[in-house]
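Colleague: As input, take work.cif (mmCIF, C-alpha atoms):
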```cif
data_start
#
loop_
_atom_site.group_PDB
_atom_site.id
_atom_site.type_symbol
_atom_site.label_atom_id
_atom_site.label_comp_id
_atom_site.auth_asym_id
_atom_site.auth_seq_id
_atom_site.Cartn_x
_atom_site.Cartn_y
_atom_site.Cartn_z
ATOM 1 C CA MET A 21 -13.665 17.256 -22.339
ATOM 2 C CA VAL A 22 -15.824 14.600 -23.951
ATOM 3 C CA VAL A 23 -12.816 12.284 -24.195
ATOM 4 C CA ARG A 24 -13.708 8.749 -23.242
ATOM 5 C CA VAL A 25 -11.310 6.281 -21.685
ATOM 6 C CA GLU A 26 -11.734 3.279 -23.942
ATOM 7 C CA GLY A 27 -10.502 -0.263 -23.460
ATOM 8 C CA PRO A 28 -9.649 -2.087 -20.222
ATOM 9 C CA SER A 29 -9.609 0.153 -17.204
ATOM 10 C CA PRO A 30 -6.129 0.605 -15.716
ATOM 11 C CA ALA A 31 -7.641 1.954 -12.489
ATOM 12 C CA MET A 32 -9.620 -1.219 -11.893
ATOM 13 C CA ALA A 33 -6.594 -3.343 -12.829
ATOM 14 C CA VAL A 34 -4.484 -1.467 -10.276
ATOM 15 C CA ALA A 35 -7.208 -1.806 -7.620
ATOM 16 C CA VAL A 36 -7.494 -5.569 -8.188
ATOM 17 C CA ASP A 37 -3.709 -5.835 -8.060
ATOM 18 C CA LEU A 38 -3.710 -3.985 -4.729
ATOM 19 C CA ALA A 39 -6.372 -6.351 -3.403
ATOM 20 C CA LYS A 40 -4.256 -9.361 -4.438
ATOM 21 C CA ARG A 41 -1.196 -7.904 -2.730
ATOM 22 C CA SER A 42 -3.160 -7.403 0.468
ATOM 23 C CA VAL A 43 -3.422 -11.194 0.735
ATOM 24 C CA TRP A 44 0.376 -11.297 1.054
ATOM 25 C CA LEU A 45 0.181 -8.756 3.861
ATOM 26 C CA LEU A 46 -2.374 -10.797 5.816
ATOM 27 C CA PRO A 47 0.041 -13.117 7.688
ATOM 28 C CA VAL A 48 2.271 -10.212 8.658
ATOM 29 C CA VAL A 49 -0.499 -8.015 10.065
ATOM 30 C CA ILE A 50 -2.167 -10.963 11.801
ATOM 31 C CA PHE A 51 1.102 -11.994 13.454
ATOM 32 C CA VAL A 52 1.997 -8.470 14.581
ATOM 33 C CA SER A 53 -1.440 -7.596 15.927
ATOM 34 C CA ALA A 54 -1.837 -10.980 17.627
ATOM 35 C CA ALA A 55 1.528 -10.560 19.318
ATOM 36 C CA ILE A 56 0.713 -7.082 20.647
ATOM 37 C CA TRP A 57 -3.078 -6.862 21.025
ATOM 38 C CA GLY A 58 -4.303 -10.467 20.978
ATOM 39 C CA ILE A 59 -7.438 -11.785 19.301
ATOM 40 C CA ASP A 60 -9.269 -8.450 19.488
ATOM 41 C CA GLY A 61 -6.349 -6.795 17.780
ATOM 42 C CA VAL A 62 -6.434 -9.380 14.990
ATOM 43 C CA ALA A 63 -10.155 -8.788 14.429
ATOM 44 C CA SER A 64 -9.659 -5.010 14.387
ATOM 45 C CA THR A 65 -6.733 -5.316 12.015
ATOM 46 C CA LEU A 66 -8.669 -7.560 9.624
ATOM 47 C CA TYR A 67 -11.595 -5.134 9.668
ATOM 48 C CA ALA A 68 -9.253 -2.229 8.850
ATOM 49 C CA LEU A 69 -7.610 -4.208 6.047
ATOM 50 C CA ALA A 70 -11.028 -5.027 4.607
ATOM 51 C CA ILE A 71 -11.930 -1.327 4.669
ATOM 52 C CA VAL A 72 -8.712 -0.443 2.825
ATOM 53 C CA VAL A 73 -9.268 -3.094 0.134
ATOM 54 C CA VAL A 74 -12.940 -2.208 -0.382
ATOM 55 C CA ASN A 75 -11.947 1.456 -0.558
ATOM 56 C CA PHE A 76 -9.427 0.742 -3.325
ATOM 57 C CA LEU A 77 -11.848 -1.472 -5.260
ATOM 58 C CA LEU A 78 -14.646 1.079 -4.989
ATOM 59 C CA ALA A 79 -12.336 3.876 -6.165
ATOM 60 C CA GLY A 80 -11.126 1.821 -9.128
ATOM 61 C CA TRP A 81 -14.639 0.733 -10.063
ATOM 62 C CA MET A 82 -15.980 4.287 -9.939
ATOM 63 C CA LEU A 83 -13.163 5.582 -12.138
ATOM 64 C CA ALA A 84 -13.603 2.695 -14.578
ATOM 65 C CA VAL A 85 -17.350 3.158 -14.933
ATOM 66 C CA THR A 86 -17.316 6.943 -15.171
ATOM 67 C CA GLY A 87 -14.271 6.968 -17.476
ATOM 68 C CA ARG A 88 -16.344 5.196 -20.112
ATOM 69 C CA ILE A 89 -18.850 8.069 -19.992
ATOM 70 C CA SER A 90 -16.366 10.925 -20.263
ATOM 71 C CA ALA A 91 -13.191 12.241 -18.713
ATOM 72 C CA ALA A 92 -15.046 15.130 -17.078
ATOM 73 C CA VAL A 93 -17.463 12.749 -15.370
ATOM 74 C CA MET A 94 -14.451 10.727 -14.234
ATOM 75 C CA GLY A 95 -13.014 13.876 -12.658
ATOM 76 C CA ALA A 96 -16.266 14.539 -10.845
ATOM 77 C CA ALA A 97 -16.397 10.932 -9.679
ATOM 78 C CA ALA A 98 -12.838 11.185 -8.364
ATOM 79 C CA LEU A 99 -13.690 14.276 -6.306
ATOM 80 C CA PHE A 100 -17.128 13.338 -5.037
ATOM 81 C CA GLY A 101 -16.112 9.700 -4.764
ATOM 82 C CA PHE A 102 -13.402 10.819 -2.349
ATOM 83 C CA LEU A 103 -16.038 12.407 -0.098
ATOM 84 C CA LEU A 104 -18.384 9.460 -0.543
ATOM 85 C CA ARG A 105 -15.723 6.927 0.404
ATOM 86 C CA LEU A 106 -14.611 8.984 3.405
ATOM 87 C CA GLY A 107 -18.237 8.976 4.513
ATOM 88 C CA LEU A 108 -18.500 5.222 3.996
ATOM 89 C CA ILE A 109 -15.352 4.637 6.056
ATOM 90 C CA PHE A 110 -16.808 6.872 8.760
ATOM 91 C CA ILE A 111 -20.035 4.835 8.776
ATOM 92 C CA ALA A 112 -18.058 1.588 8.840
ATOM 93 C CA VAL A 113 -16.246 2.790 11.955
ATOM 94 C CA LEU A 114 -19.409 4.152 13.580
ATOM 95 C CA LEU A 115 -21.111 0.779 13.177
ATOM 96 C CA VAL A 116 -18.489 -1.039 15.224
ATOM 97 C CA LYS A 117 -17.158 1.670 17.538
ATOM 98 C CA ASP A 118 -18.857 0.174 20.583
ATOM 99 C CA ALA A 119 -18.112 -3.440 19.694
ATOM 100 C CA ALA A 120 -16.242 -5.343 22.362
ATOM 101 C CA TRP A 121 -13.684 -6.702 19.916
ATOM 102 C CA LEU A 122 -12.666 -3.343 18.444
ATOM 103 C CA GLU A 123 -9.219 -2.102 19.420
ATOM 104 C CA LEU A 124 -8.912 1.390 18.015
ATOM 105 C CA VAL A 125 -5.136 1.699 18.064
ATOM 106 C CA PRO A 126 -4.327 -1.356 15.869
ATOM 107 C CA PHE A 127 -7.346 -0.457 13.759
ATOM 108 C CA GLY A 128 -6.023 3.050 13.084
ATOM 109 C CA ILE A 129 -2.444 1.948 12.545
ATOM 110 C CA THR A 130 -3.532 -0.755 10.089
ATOM 111 C CA LEU A 131 -5.781 1.655 8.211
ATOM 112 C CA VAL A 132 -2.942 4.065 7.491
ATOM 113 C CA ALA A 133 0.007 1.676 7.312
ATOM 114 C CA THR A 134 -1.501 -0.935 4.974
ATOM 115 C CA HIS A 135 -2.865 1.811 2.715
ATOM 116 C CA LEU A 136 0.626 3.261 2.311
ATOM 117 C CA VAL A 137 2.471 -0.067 2.141
ATOM 118 C CA LEU A 138 0.158 -1.400 -0.576
ATOM 119 C CA LEU A 139 0.475 1.813 -2.569
ATOM 120 C CA PHE A 140 4.270 1.934 -2.412
ATOM 121 C CA TRP A 141 4.413 -1.760 -3.345
ATOM 122 C CA GLU A 142 2.128 -1.198 -6.326
ATOM 123 C CA MET A 143 3.992 1.949 -7.328
ATOM 124 C CA ARG A 144 7.258 0.047 -7.597
ATOM 125 C CA HIS A 145 5.564 -2.559 -9.770
ATOM 126 C CA ILE A 146 3.963 0.027 -12.031
ATOM 127 C CA SER A 147 7.168 2.053 -12.317
ATOM 128 C CA SER A 148 9.087 -0.994 -13.519
ATOM 129 C CA SER A 149 6.234 -2.014 -15.840
ATOM 130 C CA LEU A 150 6.157 1.412 -17.451
ATOM 131 C CA ALA A 151 9.941 1.754 -17.664
ATOM 132 C CA PHE A 152 10.658 -1.816 -18.797
ATOM 133 C CA PRO A 153 7.503 -3.197 -20.410
ATOM 134 C CA GLY A 154 9.442 -6.119 -21.880
ATOM 135 C CA LEU A 155 10.576 -7.428 -18.517
ATOM 136 C CA LYS A 156 7.639 -9.737 -17.949
ATOM 137 C CA PRO A 157 6.008 -10.548 -21.278
ATOM 138 C CA GLY A 158 2.746 -12.418 -20.886
ATOM 139 C CA ASP A 159 -0.059 -13.729 -23.041
ATOM 140 C CA GLU A 160 -2.334 -10.914 -22.015
ATOM 141 C CA PRO A 161 -1.522 -7.349 -23.034
ATOM 142 C CA ASN A 162 -0.163 -5.156 -20.276
ATOM 143 C CA PRO A 163 -3.159 -3.196 -18.933
ATOM 144 C CA TYR A 164 -0.888 -0.352 -17.842
ATOM 145 C CA LEU A 165 0.218 0.430 -21.371
ATOM 146 C CA PRO A 166 -1.820 1.917 -24.216
ATOM 147 C CA GLN A 167 -3.269 -0.747 -26.492
ATOM 148 C CA LYS A 168 -1.873 -0.782 -30.058
ATOM 149 C CA MET B 26 3.800 28.624 21.118
ATOM 150 C CA SER B 27 2.950 30.478 24.303
ATOM 151 C CA ALA B 28 0.200 32.323 22.436
ATOM 152 C CA LEU B 29 -1.341 28.969 21.534
ATOM 153 C CA THR B 30 -1.070 27.799 25.124
ATOM 154 C CA ASN B 31 -2.689 31.006 26.351
ATOM 155 C CA ALA B 32 -5.507 30.603 23.819
ATOM 156 C CA ALA B 33 -6.094 27.019 24.945
ATOM 157 C CA VAL B 34 -6.151 28.091 28.599
ATOM 158 C CA GLU B 35 -8.628 30.871 27.769
ATOM 159 C CA VAL B 36 -10.902 28.414 25.973
ATOM 160 C CA LEU B 37 -10.772 26.029 28.920
ATOM 161 C CA GLN B 38 -11.567 28.879 31.317
ATOM 162 C CA GLN B 39 -14.702 29.691 29.338
ATOM 163 C CA PHE B 40 -16.377 26.411 30.232
ATOM 164 C CA PRO B 41 -19.371 27.018 32.474
ATOM 165 C CA GLU B 42 -19.289 26.254 36.168
ATOM 166 C CA GLY B 43 -19.944 22.665 37.099
ATOM 167 C CA ILE B 44 -17.851 21.106 34.346
ATOM 168 C CA ASP B 45 -15.003 19.151 35.818
ATOM 169 C CA GLY B 46 -11.619 18.458 34.301
ATOM 170 C CA ASP B 47 -12.587 15.191 32.595
ATOM 171 C CA GLU B 48 -15.634 16.715 30.936
ATOM 172 C CA ALA B 49 -13.627 19.719 29.803
ATOM 173 C CA LYS B 50 -11.004 17.340 28.431
ATOM 174 C CA SER B 51 -13.573 15.300 26.512
ATOM 175 C CA ILE B 52 -15.186 18.458 25.095
ATOM 176 C CA SER B 53 -11.794 19.728 23.970
ATOM 177 C CA ALA B 54 -10.986 16.318 22.469
ATOM 178 C CA ALA B 55 -14.277 16.285 20.569
ATOM 179 C CA SER B 56 -13.748 19.748 19.096
ATOM 180 C CA GLY B 57 -10.114 18.917 18.325
ATOM 181 C CA ALA B 58 -11.204 15.704 16.620
ATOM 182 C CA GLY B 59 -13.701 17.567 14.470
ATOM 183 C CA MET B 60 -11.068 20.130 13.520
ATOM 184 C CA ALA B 61 -8.573 17.380 12.665
ATOM 185 C CA TYR B 62 -11.049 15.530 10.441
ATOM 186 C CA GLY B 63 -12.285 18.651 8.677
ATOM 187 C CA LEU B 64 -8.869 20.190 8.092
ATOM 188 C CA ALA B 65 -7.415 16.871 6.974
ATOM 189 C CA ALA B 66 -10.104 16.540 4.302
ATOM 190 C CA ILE B 67 -9.543 20.011 2.807
ATOM 191 C CA GLY B 68 -5.973 19.491 1.614
ATOM 192 C CA PRO B 69 -6.564 16.158 -0.134
ATOM 193 C CA GLY B 70 -9.737 17.599 -1.687
ATOM 194 C CA ILE B 71 -7.736 20.397 -3.282
ATOM 195 C CA GLY B 72 -4.959 17.977 -4.226
ATOM 196 C CA ILE B 73 -7.288 15.474 -5.883
ATOM 197 C CA GLY B 74 -9.089 18.252 -7.767
ATOM 198 C CA TYR B 75 -5.818 19.598 -9.132
ATOM 199 C CA LEU B 76 -4.470 16.122 -9.914
ATOM 200 C CA VAL B 77 -7.566 14.982 -11.761
ATOM 201 C CA GLY B 78 -7.858 18.285 -13.624
ATOM 202 C CA GLN B 79 -4.307 17.957 -14.930
ATOM 203 C CA ALA B 80 -4.831 14.279 -15.784
ATOM 204 C CA VAL B 81 -8.013 15.004 -17.740
ATOM 205 C CA GLN B 82 -6.197 17.765 -19.595
ATOM 206 C CA ALA B 83 -3.368 15.353 -20.419
ATOM 207 C CA MET B 84 -5.844 12.730 -21.667
ATOM 208 C CA ALA B 85 -7.606 15.337 -23.804
ATOM 209 C CA ARG B 86 -4.304 16.434 -25.341
ATOM 210 C CA GLN B 87 -2.943 12.922 -25.882
ATOM 211 C CA PRO B 88 -5.739 10.338 -25.874
ATOM 212 C CA GLU B 89 -3.272 7.606 -26.844
ATOM 213 C CA SER B 90 -1.560 7.955 -23.456
ATOM 214 C CA ALA B 91 -4.836 7.805 -21.506
ATOM 215 C CA GLY B 92 -3.968 4.385 -20.049
ATOM 216 C CA GLN B 93 -0.702 5.543 -18.535
ATOM 217 C CA VAL B 94 -2.194 8.811 -17.344
ATOM 218 C CA GLN B 95 -5.130 7.039 -15.722
ATOM 219 C CA THR B 96 -2.834 4.565 -13.982
ATOM 220 C CA THR B 97 -0.642 7.244 -12.476
ATOM 221 C CA MET B 98 -3.711 9.356 -11.692
ATOM 222 C CA PHE B 99 -5.270 6.510 -9.724
ATOM 223 C CA LEU B 100 -2.083 6.033 -7.724
ATOM 224 C CA GLY B 101 -1.856 9.782 -7.126
ATOM 225 C CA ILE B 102 -5.433 9.901 -5.883
ATOM 226 C CA ALA B 103 -4.793 6.993 -3.537
ATOM 227 C CA PHE B 104 -1.626 8.585 -2.158
ATOM 228 C CA THR B 105 -3.411 11.894 -1.629
ATOM 229 C CA GLU B 106 -6.246 10.098 0.133
ATOM 230 C CA ALA B 107 -3.744 8.705 2.613
ATOM 231 C CA LEU B 108 -3.548 12.204 4.114
ATOM 232 C CA ALA B 109 -7.294 12.246 4.686
ATOM 233 C CA LEU B 110 -7.093 8.766 6.190
ATOM 234 C CA ILE B 111 -4.414 9.928 8.620
ATOM 235 C CA GLY B 112 -6.705 12.788 9.656
ATOM 236 C CA PHE B 113 -9.551 10.323 10.054
ATOM 237 C CA VAL B 114 -7.474 8.042 12.249
ATOM 238 C CA VAL B 115 -6.479 11.025 14.412
ATOM 239 C CA PHE B 116 -10.192 11.835 14.641
ATOM 240 C CA ILE B 117 -11.227 8.384 15.835
ATOM 241 C CA LEU B 118 -8.337 8.196 18.276
ATOM 242 C CA LEU B 119 -9.200 11.586 19.779
ATOM 243 C CA LYS B 120 -12.932 10.983 19.801
ATOM 244 C CA PHE B 121 -13.258 7.402 20.940
ATOM 245 C CA VAL B 122 -10.097 6.559 22.918
#
```
I need this file expressed as structure tokens, please.

Modeller:
Amino acid sequence: MVVRVEGPSPAMAVAVDLAKRSVWLLPVVIFVSAAIWGIDGVASTLYALAIVVVNFLLAGWMLAVTGRISAAVMGAAALFGFLLRLGLIFIAVLLVKDAAWLELVPFGITLVATHLVLLFWEMRHISSSLAFPGLKPGDEPNPYLPQK
Amino acid sequence: MSALTNAAVEVLQQFPEGIDGDEAKSISAASGAGMAYGLAAIGPGIGIGYLVGQAVQAMARQPESAGQVQTTMFLGIAFTEALALIGFVVFILLKFV
């Protein structure tokens, strides 16, 4: 169990990719929440989207850093990081729960929906990258494949 | 189902005198929210532990495939966490709305 994960971290690469994809989601969620809940809904939706993105980046970063120590430490970081990030999300909500601009319904819907949409989107990309690595050859090596 | 309804009615009847319907409702919502958050965190905790354990074992057996294993592990963790997030959203909706 002292295996180290060497080289570029796939977890961080996936997290950054998810963050980039969230930019594409921005106009959609802003339009939908503005149409239904108005300006407050847009602010709540953006706050939820920021929580989702930070959550992904933090998860990827923790796995990348601890993976370089050992696989066992990475496992511990995945488990305790899960609790830590749930706690951070809880604090993030507690901080703004009484704010005048917070609409809880669009906030909750965005939190769950964007999390799942981003993951399914990324999963399709990764599935095709793993199945057909030659589809999109680039200058940089594919971070999702083992380095030769 | 009727047993659950009876249990809920019994719990509501145990509130002390002087608590009106709204207060009883908010107390029930608070305890329900806590239950939802706690129970929703247990399943993903077990799932992530199992997932990561298997992934670490796979990386130990085949270190050359660590990149692929870590990628799919990260996605698996994120999908499993979605369950906890759903529980959390139910919690905030019950508690604060």

Colleague: Taking the file as shown, find all residues satisfying the PyMOL selection byres ((chain B) within 9 of (chain A)) and write them as a PDB file with C-alpha atoms, in the frame of the given file.

Modeller:
```pdb
ATOM      1  CA  ALA B  66     -10.104  16.540   4.302  1.00  0.00           C
ATOM      2  CA  PRO B  69      -6.564  16.158  -0.134  1.00  0.00           C
ATOM      3  CA  GLY B  70      -9.737  17.599  -1.687  1.00  0.00           C
ATOM      4  CA  ILE B  73      -7.288  15.474  -5.883  1.00  0.00           C
ATOM      5  CA  GLY B  74      -9.089  18.252  -7.767  1.00  0.00           C
ATOM      6  CA  VAL B  77      -7.566  14.982 -11.761  1.00  0.00           C
ATOM      7  CA  GLY B  78      -7.858  18.285 -13.624  1.00  0.00           C
ATOM      8  CA  ALA B  80      -4.831  14.279 -15.784  1.00  0.00           C
ATOM      9  CA  VAL B  81      -8.013  15.004 -17.740  1.00  0.00           C
ATOM     10  CA  GLN B  82      -6.197  17.765 -19.595  1.00  0.00           C
ATOM     11  CA  MET B  84      -5.844  12.730 -21.667  1.00  0.00           C
ATOM     12  CA  ALA B  85      -7.606  15.337 -23.804  1.00  0.00           C
ATOM     13  CA  PRO B  88      -5.739  10.338 -25.874  1.00  0.00           C
ATOM     14  CA  GLU B  89      -3.272   7.606 -26.844  1.00  0.00           C
ATOM     15  CA  SER B  90      -1.560   7.955 -23.456  1.00  0.00           C
ATOM     16  CA  ALA B  91      -4.836   7.805 -21.506  1.00  0.00           C
ATOM     17  CA  GLY B  92      -3.968   4.385 -20.049  1.00  0.00           C
ATOM     18  CA  GLN B  93      -0.702   5.543 -18.535  1.00  0.00           C
ATOM     19  CA  GLN B  95      -5.130   7.039 -15.722  1.00  0.00           C
ATOM     20  CA  THR B  96      -2.834   4.565 -13.982  1.00  0.00           C
ATOM     21  CA  THR B  97      -0.642   7.244 -12.476  1.00  0.00           C
ATOM     22  CA  MET B  98      -3.711   9.356 -11.692  1.00  0.00           C
ATOM     23  CA  PHE B  99      -5.270   6.510  -9.724  1.00  0.00           C
ATOM     24  CA  LEU B 100      -2.083   6.033  -7.724  1.00  0.00           C
ATOM     25  CA  ILE B 102      -5.433   9.901  -5.883  1.00  0.00           C
ATOM     26  CA  ALA B 103      -4.793   6.993  -3.537  1.00  0.00           C
ATOM     27  CA  PHE B 104      -1.626   8.585  -2.158  1.00  0.00           C
ATOM     28  CA  GLU B 106      -6.246  10.098   0.133  1.00  0.00           C
ATOM     29  CA  ALA B 107      -3.744   8.705   2.613  1.00  0.00           C
ATOM     30  CA  LEU B 108      -3.548  12.204   4.114  1.00  0.00           C
ATOM     31  CA  ALA B 109      -7.294  12.246   4.686  1.00  0.00           C
ATOM     32  CA  LEU B 110      -7.093   8.766   6.190  1.00  0.00           C
ATOM     33  CA  ILE B 111      -4.414   9.928   8.620  1.00  0.00           C
ATOM     34  CA  PHE B 113      -9.551  10.323  10.054  1.00  0.00           C
ATOM     35  CA  VAL B 114      -7.474   8.042  12.249  1.00  0.00           C
ATOM     36  CA  VAL B 115      -6.479  11.025  14.412  1.00  0.00           C
ATOM     37  CA  ILE B 117     -11.227   8.384  15.835  1.00  0.00           C
ATOM     38  CA  LEU B 118      -8.337   8.196  18.276  1.00  0.00           C
ATOM     39  CA  PHE B 121     -13.258   7.402  20.940  1.00  0.00           C
ATOM     40  CA  VAL B 122     -10.097   6.559  22.918  1.00  0.00           C
TER      41      VAL B 122
END
```

Colleague: Hey, could you pull the box centre and edge lengths for stretch 73-89 of chain B, axis-aligned, 6 Å padding per side, all listed atoms, to one decimal in Å, as JSON?

Modeller:
```
{"center_x": -6.0, "center_y": 13.6, "center_z": -16.4, "size_x": 18.1, "size_y": 24.0, "size_z": 33.0}
```

Colleague: From the list A:Thr86, A:Thr134, A:Thr65, A:Ser149, which residue is nearest A:Phe51 when using all atoms listed in the file?

Modeller: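 Of all the options, A:Thr65 lies closest to A:Phe51.
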
Colleague: Please compute the atom CA of B:Ala49-atom CA of A:Ala112 distance, one decimal, in Å.

Modeller: 28.1 Å

Colleague: Give me, please, the distance in Å between atom CA of A:Leu138 and atom CA of A:Leu38, quoted to one decimal.

Modeller: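 Taking atom CA of A:Leu138 as the start and atom CA of A:Leu38 as the end point, the length is 6.2 Å.
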
Colleague: Go through the shown structure with the PyMOL selection byres ((chain B and resi 52-63) around 6) and write out the matching residues as a PyMOL selection string.

Modeller: chain B and resi 49-51+64-66+112-113+116+119-120

Colleague: Grab the atom CA of A:Leu77 to atom CA of A:Ala39 distance for me, in Å with one decimal place.

Modeller: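 These two atoms are separated by 7.6 Å.
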
Colleague: All heavy atoms are what I want for stretch 73-81 of chain B; can you complete it accordingly and write them as a compact mmCIF listing (two decimals), in the coordinates of the input?

Modeller:
```txt
# COMPACT_ATOMS: atom_id res chain seq x y z
N ILE B 73 -6.65 16.39 -4.93
CA ILE B 73 -7.29 15.47 -5.88
C ILE B 73 -7.91 16.27 -7.03
O ILE B 73 -7.81 15.88 -8.20
CB ILE B 73 -8.35 14.60 -5.17
CG1 ILE B 73 -7.66 13.59 -4.27
CG2 ILE B 73 -9.22 13.85 -6.18
CD1 ILE B 73 -8.60 12.77 -3.43
N GLY B 74 -8.51 17.42 -6.71
CA GLY B 74 -9.09 18.25 -7.77
C GLY B 74 -8.03 18.69 -8.76
O GLY B 74 -8.23 18.59 -9.98
N TYR B 75 -6.90 19.15 -8.25
CA TYR B 75 -5.82 19.60 -9.13
C TYR B 75 -5.27 18.43 -9.94
O TYR B 75 -5.08 18.53 -11.17
CB TYR B 75 -4.71 20.22 -8.27
CG TYR B 75 -3.57 20.77 -9.06
CD1 TYR B 75 -3.70 21.96 -9.79
CD2 TYR B 75 -2.35 20.11 -9.11
CE1 TYR B 75 -2.65 22.46 -10.52
CE2 TYR B 75 -1.29 20.60 -9.84
CZ TYR B 75 -1.45 21.78 -10.54
OH TYR B 75 -0.41 22.27 -11.28
N LEU B 76 -5.04 17.32 -9.27
CA LEU B 76 -4.47 16.12 -9.91
C LEU B 76 -5.36 15.63 -11.05
O LEU B 76 -4.90 15.38 -12.17
CB LEU B 76 -4.31 15.06 -8.84
CG LEU B 76 -3.51 13.80 -9.05
CD1 LEU B 76 -3.08 13.29 -7.69
CD2 LEU B 76 -4.25 12.72 -9.77
N VAL B 77 -6.64 15.50 -10.75
CA VAL B 77 -7.57 14.98 -11.76
C VAL B 77 -7.72 15.98 -12.91
O VAL B 77 -7.78 15.59 -14.08
CB VAL B 77 -8.93 14.65 -11.12
CG1 VAL B 77 -9.94 14.27 -12.18
CG2 VAL B 77 -8.77 13.51 -10.14
N GLY B 78 -7.76 17.27 -12.57
CA GLY B 78 -7.86 18.28 -13.62
C GLY B 78 -6.70 18.18 -14.61
O GLY B 78 -6.88 18.20 -15.83
N GLN B 79 -5.49 18.07 -14.07
CA GLN B 79 -4.31 17.96 -14.93
C GLN B 79 -4.33 16.65 -15.73
O GLN B 79 -3.95 16.61 -16.90
CB GLN B 79 -3.03 18.02 -14.09
CG GLN B 79 -2.84 19.33 -13.36
CD GLN B 79 -2.58 20.49 -14.30
OE1 GLN B 79 -1.85 20.35 -15.27
NE2 GLN B 79 -3.22 21.62 -14.04
N ALA B 80 -4.79 15.58 -15.09
CA ALA B 80 -4.83 14.28 -15.78
C ALA B 80 -5.84 14.31 -16.92
O ALA B 80 -5.57 13.79 -18.02
CB ALA B 80 -5.18 13.17 -14.79
N VAL B 81 -6.99 14.92 -16.68
CA VAL B 81 -8.01 15.00 -17.74
C VAL B 81 -7.49 15.85 -18.89
O VAL B 81 -7.68 15.52 -20.07
CB VAL B 81 -9.32 15.58 -17.16
CG1 VAL B 81 -10.29 15.93 -18.27
CG2 VAL B 81 -9.96 14.58 -16.21
```
